[in-house]
$ cat data.json   # JSON, C-alpha atoms
[["chain", "number", "residue", "atom", "x", "y", "z"],
["A", 1, "MET", "CA", 0.00, 0.00, 0.00],
["A", 2, "ASN", "CA", 1.26, 3.50, -0.78],
["A", 3, "LYS", "CA", 1.95, 5.53, 2.33],
["A", 4, "ALA", "CA", 0.09, 8.83, 2.66],
["A", 5, "PRO", "CA", 2.43, 11.84, 2.59],
["A", 6, "LYS", "CA", 2.70, 13.92, 5.76],
["A", 7, "LEU", "CA", 2.25, 17.66, 5.59],
["A", 8, "MET", "CA", 5.65, 19.29, 6.19],
["A", 9, "ASP", "CA", 4.80, 22.94, 6.78],
["A", 10, "VAL", "CA", 6.14, 25.66, 9.06],
["A", 11, "TRP", "CA", 4.62, 24.14, 12.20],
["A", 12, "GLN", "CA", 6.00, 20.66, 11.60],
["A", 13, "ILE", "CA", 9.44, 22.06, 10.84],
["A", 14, "ARG", "CA", 9.27, 24.17, 14.02],
["A", 15, "GLU", "CA", 8.62, 21.04, 16.09],
["A", 16, "ILE", "CA", 11.50, 19.18, 14.45],
["A", 17, "VAL", "CA", 13.92, 22.08, 14.93],
["A", 18, "ALA", "CA", 12.99, 22.85, 18.55],
["A", 19, "SER", "CA", 15.07, 20.17, 20.26],
["A", 20, "HIS", "CA", 18.04, 20.49, 17.90],
["A", 21, "LEU", "CA", 18.31, 24.27, 17.54],
["A", 22, "ASN", "CA", 21.54, 24.65, 19.49],
["A", 23, "GLU", "CA", 23.44, 22.19, 17.30],
["A", 24, "ILE", "CA", 22.30, 23.70, 14.01],
["A", 25, "ARG", "CA", 21.86, 27.37, 14.97],
["A", 26, "GLU", "CA", 24.89, 28.56, 12.97],
["A", 27, "HIS", "CA", 23.50, 27.09, 9.77],
["A", 28, "ILE", "CA", 19.78, 27.75, 10.01],
["A", 29, "TYR", "CA", 17.45, 30.73, 10.32],
["A", 30, "PHE", "CA", 13.85, 30.03, 11.29],
["A", 31, "SER", "CA", 10.78, 32.27, 11.57],
["A", 32, "ASN", "CA", 7.08, 32.13, 10.74],
["A", 33, "ASP", "CA", 7.98, 33.67, 7.36],
["A", 34, "LEU", "CA", 10.75, 31.40, 6.18],
["A", 35, "VAL", "CA", 13.39, 28.79, 6.89],
["A", 36, "PHE", "CA", 16.91, 29.31, 5.58],
["A", 37, "ILE", "CA", 19.51, 26.51, 5.40],
["A", 38, "HIS", "CA", 23.02, 27.90, 5.04],
["A", 39, "GLY", "CA", 25.44, 25.31, 3.71],
["A", 40, "ASP", "CA", 24.29, 22.41, 5.85],
["A", 41, "SER", "CA", 22.11, 19.31, 5.56],
["A", 42, "ARG", "CA", 21.26, 18.50, 9.17],
["A", 43, "LEU", "CA", 17.74, 19.92, 8.99],
["A", 44, "PHE", "CA", 17.22, 17.86, 5.83],
["A", 45, "ARG", "CA", 18.40, 14.75, 7.70],
["A", 46, "LEU", "CA", 16.16, 15.52, 10.68],
["A", 47, "ILE", "CA", 13.16, 15.88, 8.38],
["A", 48, "ILE", "CA", 13.92, 12.56, 6.67],
["A", 49, "GLN", "CA", 13.83, 10.88, 10.08],
["A", 50, "GLN", "CA", 10.12, 11.82, 10.27],
["A", 51, "LYS", "CA", 9.39, 8.97, 7.80],
["A", 52, "PRO", "CA", 8.63, 10.39, 4.35],
["A", 53, "PRO", "CA", 6.92, 10.92, 1.94],
["A", 54, "PHE", "CA", 5.99, 14.54, 2.62],
["A", 55, "ILE", "CA", 3.74, 17.11, 0.97],
["A", 56, "ILE", "CA", 4.46, 20.85, 1.12],
["A", 57, "ASN", "CA", 2.26, 23.93, 0.75],
["A", 58, "ASP", "CA", 4.93, 26.57, 0.11],
["A", 59, "HIS", "CA", 7.70, 27.59, -2.30],
["A", 60, "ARG", "CA", 11.20, 26.15, -1.75],
["A", 61, "PHE", "CA", 14.42, 27.07, -3.54],
["A", 62, "GLY", "CA", 17.70, 25.28, -3.04],
["A", 63, "ILE", "CA", 21.14, 24.69, -4.49],
["A", 64, "ILE", "CA", 23.24, 21.57, -3.99],
["A", 65, "THR", "CA", 26.82, 22.71, -3.42],
["A", 66, "ARG", "CA", 28.38, 19.38, -2.45],
["A", 67, "GLY", "CA", 27.53, 15.68, -2.41],
["A", 68, "GLU", "CA", 24.62, 13.95, -4.09],
["A", 69, "GLY", "CA", 21.22, 12.45, -3.45],
["A", 70, "TYR", "CA", 18.32, 10.56, -4.97],
["A", 71, "VAL", "CA", 14.83, 11.95, -4.31],
["A", 72, "ASN", "CA", 11.39, 11.21, -5.72],
["A", 73, "PHE", "CA", 9.61, 14.47, -6.59],
["A", 74, "ASN", "CA", 5.97, 14.22, -7.67],
["A", 75, "LEU", "CA", 6.17, 10.55, -8.73],
["A", 76, "GLN", "CA", 9.52, 10.81, -10.53],
["A", 77, "ASP", "CA", 12.95, 9.76, -9.25],
["A", 78, "ARG", "CA", 15.59, 12.48, -9.52],
["A", 79, "TYR", "CA", 19.36, 12.42, -9.12],
["A", 80, "LEU", "CA", 20.71, 15.60, -7.52],
["A", 81, "SER", "CA", 24.40, 16.45, -7.56],
["A", 82, "ALA", "CA", 26.62, 19.42, -6.78],
["A", 83, "GLY", "CA", 25.83, 22.29, -9.12],
["A", 84, "THR", "CA", 22.07, 21.69, -9.21],
["A", 85, "PHE", "CA", 19.28, 24.18, -8.55],
["A", 86, "VAL", "CA", 16.07, 22.74, -7.07],
["A", 87, "TYR", "CA", 12.60, 24.30, -7.00],
["A", 88, "LEU", "CA", 9.59, 22.76, -5.23],
["A", 89, "GLY", "CA", 6.19, 24.41, -5.36],
["A", 90, "PRO", "CA", 2.98, 24.09, -3.34],
["A", 91, "GLY", "CA", 1.46, 20.64, -3.58],
["A", 92, "SER", "CA", 4.77, 18.90, -4.26],
["A", 93, "ILE", "CA", 5.16, 15.40, -2.84],
["A", 94, "ILE", "CA", 8.71, 14.56, -1.76],
["A", 95, "ASN", "CA", 10.20, 11.17, -0.94],
["A", 96, "PRO", "CA", 13.96, 11.17, -0.25],
["A", 97, "ILE", "CA", 15.55, 7.85, -1.22],
["A", 98, "ARG", "CA", 19.24, 8.13, -0.32],
["A", 99, "TYR", "CA", 21.99, 10.75, -0.10],
["A", 100, "SER", "CA", 25.73, 10.99, 0.45],
["A", 101, "SER", "CA", 27.25, 11.81, 3.84],
["A", 102, "ASP", "CA", 28.82, 15.01, 2.48],
["A", 103, "LEU", "CA", 25.55, 16.47, 1.13],
["A", 104, "GLU", "CA", 25.52, 20.28, 1.48],
["A", 105, "ILE", "CA", 22.53, 22.50, 0.77],
["A", 106, "PHE", "CA", 21.85, 26.23, 0.56],
["A", 107, "GLY", "CA", 18.17, 26.98, 0.40],
["A", 108, "VAL", "CA", 15.11, 28.83, 1.56],
["A", 109, "ALA", "CA", 11.47, 27.85, 2.16],
["A", 110, "LEU", "CA", 8.97, 30.71, 1.89],
["A", 111, "PHE", "CA", 5.91, 30.15, 4.04],
["A", 112, "SER", "CA", 2.45, 31.63, 3.54],
["A", 113, "GLN", "CA", 3.18, 34.68, 5.74],
["A", 114, "PHE", "CA", 6.19, 35.71, 3.65],
["A", 115, "PRO", "CA", 5.28, 38.69, 1.42],
["A", 116, "MET", "CA", 5.84, 37.13, -2.00],
["A", 117, "PRO", "CA", 7.15, 39.62, -4.57],
["A", 118, "PHE", "CA", 4.64, 38.68, -7.28],
["A", 119, "GLY", "CA", 0.89, 38.37, -7.45],
["A", 120, "GLN", "CA", -0.51, 35.12, -8.82],
["A", 121, "ASP", "CA", -1.00, 36.64, -12.27],
["A", 122, "GLN", "CA", 2.51, 38.18, -12.26],
["A", 123, "MET", "CA", 4.62, 35.18, -11.25],
["A", 124, "PRO", "CA", 7.51, 34.29, -13.59],
["A", 125, "SER", "CA", 6.37, 31.51, -15.91],
["A", 126, "ALA", "CA", 8.49, 28.78, -14.25],
["A", 127, "PHE", "CA", 6.35, 29.01, -11.09],
["A", 128, "ILE", "CA", 2.83, 28.98, -12.50],
["A", 129, "GLY", "CA", 0.55, 26.60, -14.34],
["A", 130, "GLU", "CA", 1.24, 22.90, -14.18],
["A", 131, "MET", "CA", 4.88, 23.02, -13.02],
["A", 132, "ARG", "CA", 5.24, 21.74, -9.43],
["A", 133, "ASP", "CA", 9.00, 21.19, -9.40],
["A", 134, "PHE", "CA", 12.14, 21.38, -11.51],
["A", 135, "GLN", "CA", 15.84, 20.71, -11.17],
["A", 136, "LEU", "CA", 18.51, 22.57, -13.13],
["A", 137, "PRO", "CA", 22.19, 21.66, -13.63],
["A", 138, "VAL", "CA", 23.88, 25.06, -13.87],
["A", 139, "SER", "CA", 27.22, 26.63, -14.68],
["A", 140, "GLU", "CA", 29.66, 27.90, -12.07],
["A", 141, "ALA", "CA", 28.80, 31.50, -13.00],
["A", 142, "ASP", "CA", 25.08, 30.86, -12.51],
["A", 143, "MET", "CA", 25.82, 29.16, -9.20],
["A", 144, "ILE", "CA", 27.83, 32.15, -7.99],
["A", 145, "THR", "CA", 24.97, 34.52, -8.83],
["A", 146, "ALA", "CA", 22.49, 32.43, -6.83],
["A", 147, "ARG", "CA", 24.92, 32.09, -3.92],
["A", 148, "GLN", "CA", 25.42, 35.87, -3.80],
["A", 149, "ILE", "CA", 21.66, 36.48, -3.69],
["A", 150, "LEU", "CA", 21.18, 33.84, -0.98],
["A", 151, "GLU", "CA", 24.13, 35.15, 1.05],
["A", 152, "SER", "CA", 22.64, 38.65, 0.96],
["A", 153, "LEU", "CA", 19.28, 37.28, 2.10],
["A", 154, "TRP", "CA", 20.96, 35.20, 4.84],
["A", 155, "HIS", "CA", 22.76, 38.21, 6.32],
["A", 156, "LEU", "CA", 19.64, 40.38, 6.06],
["A", 157, "VAL", "CA", 17.11, 38.11, 7.77],
["A", 158, "ARG", "CA", 19.41, 37.46, 10.73],
["A", 159, "GLN", "CA", 19.36, 41.16, 11.61],
["A", 160, "ALA", "CA", 16.90, 42.20, 14.30],
["A", 161, "GLY", "CA", 13.83, 43.78, 12.72],
["A", 162, "TYR", "CA", 15.17, 43.25, 9.21],
["A", 163, "HIS", "CA", 13.70, 45.27, 6.34],
["A", 164, "ARG", "CA", 11.11, 42.95, 4.81],
["A", 165, "PRO", "CA", 10.75, 44.83, 1.48],
["A", 166, "THR", "CA", 14.48, 44.30, 0.91],
["A", 167, "ALA", "CA", 14.08, 40.59, 1.67],
["A", 168, "THR", "CA", 11.17, 40.46, -0.80],
["A", 169, "ALA", "CA", 13.31, 42.15, -3.46],
["A", 170, "LEU", "CA", 16.08, 39.60, -2.96],
["A", 171, "VAL", "CA", 13.58, 36.76, -3.29],
["A", 172, "ALA", "CA", 12.33, 38.37, -6.51],
["A", 173, "ALA", "CA", 15.91, 38.43, -7.84],
["A", 174, "LEU", "CA", 16.34, 34.75, -6.94],
["A", 175, "MET", "CA", 13.08, 33.80, -8.64],
["A", 176, "HIS", "CA", 13.98, 35.74, -11.79],
["A", 177, "HIS", "CA", 17.37, 33.99, -11.85],
["A", 178, "TYR", "CA", 15.75, 30.56, -11.52],
["A", 179, "ASN", "CA", 13.12, 31.45, -14.12],
["A", 180, "GLN", "CA", 15.68, 32.60, -16.69],
["A", 181, "LEU", "CA", 17.68, 29.38, -16.30],
["A", 182, "TYR", "CA", 14.52, 27.25, -16.41],
["A", 183, "ARG", "CA", 13.32, 28.89, -19.62],
["A", 184, "ARG", "CA", 16.74, 28.36, -21.17],
["A", 185, "GLN", "CA", 16.69, 24.68, -20.22],
["A", 186, "VAL", "CA", 13.21, 24.24, -21.69],
["A", 187, "ASP", "CA", 14.28, 25.81, -24.97],
["A", 188, "GLN", "CA", 17.35, 23.57, -25.17],
["A", 189, "ARG", "CA", 15.34, 20.49, -24.29],
["A", 190, "LEU", "CA", 12.72, 21.18, -26.93],
["A", 191, "ALA", "CA", 15.51, 21.39, -29.49],
["A", 192, "THR", "CA", 17.08, 18.06, -28.53],
["A", 193, "CYS", "CA", 14.50, 15.94, -26.65],
["A", 194, "SER", "CA", 12.79, 13.06, -28.37],
["A", 195, "ARG", "CA", 9.14, 13.50, -29.20],
["A", 196, "GLU", "CA", 8.26, 10.53, -26.98],
["A", 197, "GLN", "CA", 10.00, 11.94, -23.90],
["A", 198, "SER", "CA", 8.36, 15.32, -24.46],
["A", 199, "ILE", "CA", 4.93, 13.68, -24.65],
["A", 200, "PHE", "CA", 5.56, 11.71, -21.46],
["A", 201, "ASP", "CA", 6.80, 14.79, -19.56],
["A", 202, "ARG", "CA", 3.76, 16.78, -20.65],
["A", 203, "PHE", "CA", 1.44, 13.89, -19.76],
["A", 204, "LEU", "CA", 2.87, 13.66, -16.24],
["A", 205, "GLN", "CA", 2.50, 17.41, -15.72],
["A", 206, "LEU", "CA", -1.14, 17.21, -16.76],
["A", 207, "VAL", "CA", -1.75, 14.24, -14.45],
["A", 208, "ASN", "CA", -0.27, 16.05, -11.47],
["A", 209, "GLN", "CA", -2.42, 19.08, -12.25],
["A", 210, "HIS", "CA", -5.76, 17.48, -13.16],
["A", 211, "CYS", "CA", -6.01, 13.97, -11.69],
["A", 212, "ASN", "CA", -8.44, 15.21, -9.00],
["A", 213, "GLU", "CA", -11.09, 15.89, -11.64],
["A", 214, "HIS", "CA", -10.08, 13.71, -14.58],
["A", 215, "HIS", "CA", -9.47, 9.99, -14.02],
["A", 216, "GLN", "CA", -9.66, 8.71, -17.58],
["A", 217, "LEU", "CA", -6.97, 8.56, -20.24],
["A", 218, "ALA", "CA", -9.27, 10.15, -22.81],
["A", 219, "TYR", "CA", -8.98, 13.57, -21.16],
["A", 220, "TYR", "CA", -5.18, 13.58, -21.30],
["A", 221, "ALA", "CA", -5.10, 12.27, -24.86],
["A", 222, "ASP", "CA", -7.45, 15.08, -25.89],
["A", 223, "ARG", "CA", -5.31, 17.70, -24.14],
["A", 224, "LEU", "CA", -2.24, 16.39, -25.95],
["A", 225, "CYS", "CA", -4.10, 16.07, -29.29],
["A", 226, "LEU", "CA", -3.21, 12.37, -29.47],
["A", 227, "THR", "CA", -5.17, 9.14, -29.72],
["A", 228, "GLN", "CA", -5.52, 7.14, -26.52],
["A", 229, "ARG", "CA", -3.76, 4.20, -28.10],
["A", 230, "TYR", "CA", -0.73, 6.24, -29.15],
["A", 231, "LEU", "CA", -0.47, 7.99, -25.78],
["A", 232, "SER", "CA", -0.70, 4.63, -23.98],
["A", 233, "THR", "CA", 2.09, 3.22, -26.13],
["A", 234, "VAL", "CA", 4.38, 6.23, -25.63],
["A", 235, "VAL", "CA", 3.90, 6.30, -21.84],
["A", 236, "ARG", "CA", 4.52, 2.58, -21.44],
["A", 237, "GLN", "CA", 7.60, 2.58, -23.68],
["A", 238, "THR", "CA", 9.05, 5.69, -22.00],
["A", 239, "SER", "CA", 8.37, 4.83, -18.35],
["A", 240, "GLY", "CA", 7.67, 1.12, -18.17],
["A", 241, "THR", "CA", 4.32, 1.90, -16.51],
["A", 242, "THR", "CA", 0.90, 2.26, -18.09],
["A", 243, "ALA", "CA", -0.71, 5.66, -18.43],
["A", 244, "LYS", "CA", -3.70, 4.56, -16.32],
["A", 245, "GLU", "CA", -1.35, 3.46, -13.53],
["A", 246, "TRP", "CA", 0.22, 6.93, -13.49],
["A", 247, "ILE", "CA", -3.22, 8.52, -13.23],
["A", 248, "ASP", "CA", -4.38, 6.15, -10.49],
["A", 249, "ARG", "CA", -1.11, 6.54, -8.55],
["A", 250, "ALA", "CA", -1.41, 10.33, -8.48],
["A", 251, "LEU", "CA", -5.11, 10.20, -7.60],
["A", 252, "ILE", "CA", -4.79, 7.69, -4.76],
["A", 253, "THR", "CA", -1.96, 9.68, -3.19],
["A", 254, "ARG", "CA", -4.14, 12.79, -3.01],
["A", 255, "ILE", "CA", -7.10, 10.81, -1.65],
["A", 256, "GLN", "CA", -4.91, 9.33, 1.09],
["A", 257, "ILE", "CA", -3.82, 12.85, 2.03],
["A", 258, "ALA", "CA", -7.48, 13.94, 2.25],
["A", 259, "LEU", "CA", -8.38, 10.94, 4.43],
["A", 260, "ARG", "CA", -5.46, 11.44, 6.73],
["A", 261, "HIS", "CA", -5.35, 15.22, 7.05],
["A", 262, "SER", "CA", -9.02, 16.25, 6.92],
["A", 263, "ASP", "CA", -12.29, 15.45, 8.68],
["A", 264, "LYS", "CA", -14.23, 15.11, 5.43],
["A", 265, "SER", "CA", -16.43, 12.05, 5.13],
["A", 266, "ALA", "CA", -15.77, 9.43, 2.47],
["A", 267, "ALA", "CA", -18.87, 10.67, 0.64],
["A", 268, "GLN", "CA", -17.54, 14.25, 0.63],
["A", 269, "ILE", "CA", -14.15, 13.10, -0.65],
["A", 270, "ALA", "CA", -15.82, 10.97, -3.31],
["A", 271, "GLU", "CA", -17.71, 14.04, -4.55],
["A", 272, "GLU", "CA", -14.66, 16.31, -4.34],
["A", 273, "TYR", "CA", -12.60, 13.89, -6.43],
["A", 274, "HIS", "CA", -15.37, 13.44, -8.99],
["A", 275, "PHE", "CA", -16.37, 9.82, -8.40],
["A", 276, "ALA", "CA", -19.82, 8.79, -9.60],
["A", 277, "ASN", "CA", -20.88, 7.73, -6.10],
["A", 278, "PRO", "CA", -19.39, 6.70, -2.72],
["A", 279, "ALA", "CA", -19.64, 2.99, -3.56],
["A", 280, "PHE", "CA", -17.56, 3.41, -6.70],
["A", 281, "PHE", "CA", -15.06, 5.53, -4.74],
["A", 282, "ALA", "CA", -14.75, 2.82, -2.04],
["A", 283, "LYS", "CA", -14.25, 0.12, -4.67],
["A", 284, "PHE", "CA", -11.52, 2.15, -6.39],
["A", 285, "PHE", "CA", -9.75, 2.85, -3.11],
["A", 286, "ARG", "CA", -9.84, -0.77, -2.01],
["A", 287, "ARG", "CA", -8.54, -2.00, -5.35],
["A", 288, "LEU", "CA", -5.47, 0.23, -5.11],
["A", 289, "THR", "CA", -4.74, -0.02, -1.36],
["A", 290, "GLY", "CA", -6.32, -3.26, -0.16],
["A", 291, "MET", "CA", -8.32, -1.30, 2.45],
["A", 292, "THR", "CA", -11.60, 0.55, 2.68],
["A", 293, "PRO", "CA", -11.37, 4.34, 3.11],
["A", 294, "LYS", "CA", -12.69, 3.98, 6.68],
["A", 295, "ALA", "CA", -10.12, 1.30, 7.58],
["A", 296, "TYR", "CA", -7.33, 3.40, 6.07],
["A", 297, "ARG", "CA", -8.34, 6.48, 8.07],
["A", 298, "LEU", "CA", -8.51, 4.49, 11.31],
["A", 299, "SER", "CA", -5.13, 2.90, 10.59],
["A", 300, "SER", "CA", -3.56, 6.27, 9.82],
["A", 301, "ASN", "CA", -4.93, 7.85, 12.99],
["A", 302, "THR", "CA", -3.67, 4.92, 15.08],
["A", 303, "ASN", "CA", -0.19, 5.17, 13.57],
["A", 304, "THR", "CA", -0.14, 8.92, 14.18],
["A", 305, "GLU", "CA", -1.05, 8.48, 17.85],
["A", 306, "GLN", "CA", 1.58, 5.77, 18.32],
["A", 307, "GLY", "CA", 4.24, 8.00, 16.78],
["A", 308, "ARG", "CA", 3.72, 10.78, 19.29]]

$ encode --input "data.json" --output "structure tokens"
Amino acid sequence: MNKAPKLMDVWQIREIVASHLNEIREHIYFSNDLVFIHGDSRLFRLIIQQKPPFIINDHRFGIITRGEGYVNFNLQDRYLSAGTFVYLGPGSIINPIRYSSDLEIFGVALFSQFPMPFGQDQMPSAFIGEMRDFQLPVSEADMITARQILESLWHLVRQAGYHRPTATALVAALMHHYNQLYRRQVDQRLATCSREQSIFDRFLQLVNQHCNEHHQLAYYADRLCLTQRYLSTVVRQTSGTTAKEWIDRALITRIQIALRHSDKSAAQIAEEYHFANPAFFAKFFRRLTGMTPKAYRLSSNTNTEQGR
């Protein structure tokens, strides 16, 4: 059975940090607005000990400056090495797999109270629409630019009563830098990527964005202007997994989150996720997990209580 992701927001991170703050104080800044990791990975390791996978509801920007790791972001395994930029957006599901002992990270998580520099309709294109995450291998010059922005932000936020508009401007500069590099990567990929890989990548983005409402392959084939048969063939040949399995995997993960982290009834969840009726919803859930929605919720609550 797939394990339901835990919400890893500002309050969960605060609890994790509380008993370890003295040992990591020199490399972390924490407030209700943001968390900043300055060339360290101990917070990352502490979070992993909370038994992933996790789901986030904020924007996170990071750079890997040393070491390597394997992480599953939004259903896809990723290899991260030194010289990589990482972006994770709201709704991202994260499952760390393994990492080297010398892993070093610079990064910032911007929580809901942080004054974001852009309105929803003004966000740089890399952070809107169907894109939940991306990873960018970058040049040394691009890395230096990002490090300089992050270093300026690090020194600013550690000052008592720091000037928040300046912090917002620095975040805007970081986001523009990421966006410019992301757009450049997309252009290069479109020029060199196989048609099949492009179709699969687009399909997975659509699934992550629309699986709550659309459970059938026909919708995604229509969006991609392809026949269902051709899309099925491309997805299976590219990933080794059927297109319907990708849709069901994304959908069941979100349903498990709803069962575990909300008080909504099974009937309410069935309606929210566009099932024909509660009986069909229960049958779908049991087929994929081996449990009824009620049994899963009880099991999740029991495990949560035992972990406290």

$ residues_around --input "data.json" --residues "A:Arg164" --least-positions-apart "2" --cutoff "12 Å" --atoms "all atoms listed in the file" --output "list of chain:residue names"
A:Asp33, A:Leu34, A:Gln113, A:Phe114, A:Pro115, A:Met116, A:Pro117, A:Leu153, A:Leu156, A:Val157, A:Arg158, A:Gln159, A:Ala160, A:Gly161, A:Tyr162, A:Thr166, A:Ala167, A:Thr168, A:Ala169, A:Leu170, A:Val171

$ atom_distance --input "data.json" --atom1 "atom CA of A:Leu75" --atom2 "atom CA of A:Asp133"
11.0 Å

$ atom_distance --input "data.json" --atom1 "atom CA of A:Tyr273" --atom2 "atom CA of A:Ser239"
25.8 Å

$ atom_distance --input "data.json" --atom1 "atom CA of A:Asp187" --atom2 "atom CA of A:Ala126"
12.5 Å

$ closest_atom_pairs --input "data.json" --of "stretch 14-58 of chain A" --to "stretch 81-98 of chain A" --cutoff "12 Å" --atoms "only C-alpha atoms" --output "tab-separated table"
residue	atom	partner	partner_atom	distance
A:Phe44	CA	A:Pro96	CA	9.6
A:Arg45	CA	A:Pro96	CA	9.8
A:Leu46	CA	A:Pro96	CA	12.0
A:Ile47	CA	A:Pro96	CA	9.9
A:Ile48	CA	A:Pro96	CA	7.1
A:Gln49	CA	A:Pro96	CA	10.3
A:Gln50	CA	A:Pro96	CA	11.2
A:Lys51	CA	A:Asn95	CA	9.0
A:Pro52	CA	A:Asn95	CA	5.6
A:Pro53	CA	A:Asn95	CA	4.4
A:Phe54	CA	A:Ile94	CA	5.2
A:Ile55	CA	A:Ile93	CA	4.4
A:Ile56	CA	A:Gly91	CA	5.6
A:Asn57	CA	A:Pro90	CA	4.2
A:Asp58	CA	A:Pro90	CA	4.7

$ residues_around --input "data.json" --residues "stretch 19-29 of chain A" --least-positions-apart "6" --cutoff "7 Å" --atoms "only C-alpha atoms" --output "compact mmCIF listing (two decimals) with C-alpha atoms, keeping the file's coordinate frame"
# COMPACT_ATOMS: atom_id res chain seq x y z
CA VAL A 35 13.39 28.79 6.89
CA PHE A 36 16.91 29.31 5.58
CA ILE A 37 19.51 26.51 5.40
CA HIS A 38 23.02 27.90 5.04
CA GLY A 39 25.44 25.31 3.71
CA ASP A 40 24.29 22.41 5.85

$ closest_residue --input "data.json" --among "A:Val10, A:Ala146, A:Ala141, A:Leu181" --to "A:Phe106" --atoms "all atoms listed in the file"
A:Ala146

$ closest_residue --input "data.json" --among "A:Val207, A:Val138, A:Ala243, A:Leu150" --to "A:Arg184" --atoms "only C-alpha atoms"
A:Val138

$ residues_near_point --input "data.json" --point "(21.8, 13.6, -0.9)" --cutoff "9 Å" --atoms "all atoms listed in the file" --output "ChimeraX atom specification"
/A:41,64,66-71,79-81,96-104

$ closest_residue --input "data.json" --among "A:Ala250, A:Asn74, A:Phe61, A:Leu217" --to "A:Ala172" --atoms "all atoms listed in the file"
A:Phe61

$ residues_around --input "data.json" --residues "stretch 223-232 of chain A" --least-positions-apart "4" --cutoff "9 Å" --atoms "all atoms listed in the file" --output "list of chain:residue names"
A:Ile199, A:Phe200, A:Arg202, A:Phe203, A:Leu206, A:Leu217, A:Ala218, A:Tyr219, A:Arg236, A:Gln237, A:Thr242, A:Ala243, A:Lys244

$ write_last_selection --input "data.json" --atoms "C-alpha atoms" --output "PDB file, in the frame of the given file"
ATOM      1  CA  ILE A 199       4.930  13.680 -24.650  1.00  0.00           C
ATOM      2  CA  PHE A 200       5.560  11.710 -21.460  1.00  0.00           C
ATOM      3  CA  ARG A 202       3.760  16.780 -20.650  1.00  0.00           C
ATOM      4  CA  PHE A 203       1.440  13.890 -19.760  1.00  0.00           C
ATOM      5  CA  LEU A 206      -1.140  17.210 -16.760  1.00  0.00           C
ATOM      6  CA  LEU A 217      -6.970   8.560 -20.240  1.00  0.00           C
ATOM      7  CA  ALA A 218      -9.270  10.150 -22.810  1.00  0.00           C
ATOM      8  CA  TYR A 219      -8.980  13.570 -21.160  1.00  0.00           C
ATOM      9  CA  ARG A 236       4.520   2.580 -21.440  1.00  0.00           C
ATOM     10  CA  GLN A 237       7.600   2.580 -23.680  1.00  0.00           C
ATOM     11  CA  THR A 242       0.900   2.260 -18.090  1.00  0.00           C
ATOM     12  CA  ALA A 243      -0.710   5.660 -18.430  1.00  0.00           C
ATOM     13  CA  LYS A 244      -3.700   4.560 -16.320  1.00  0.00           C
TER      14      LYS A 244
END

$ residues_around --input "data.json" --residues "A:Asp248" --least-positions-apart "3" --cutoff "9 Å" --atoms "only C-alpha atoms" --output "PyMOL selection string"
chain A and resi 211+215+243-245+251-253+288
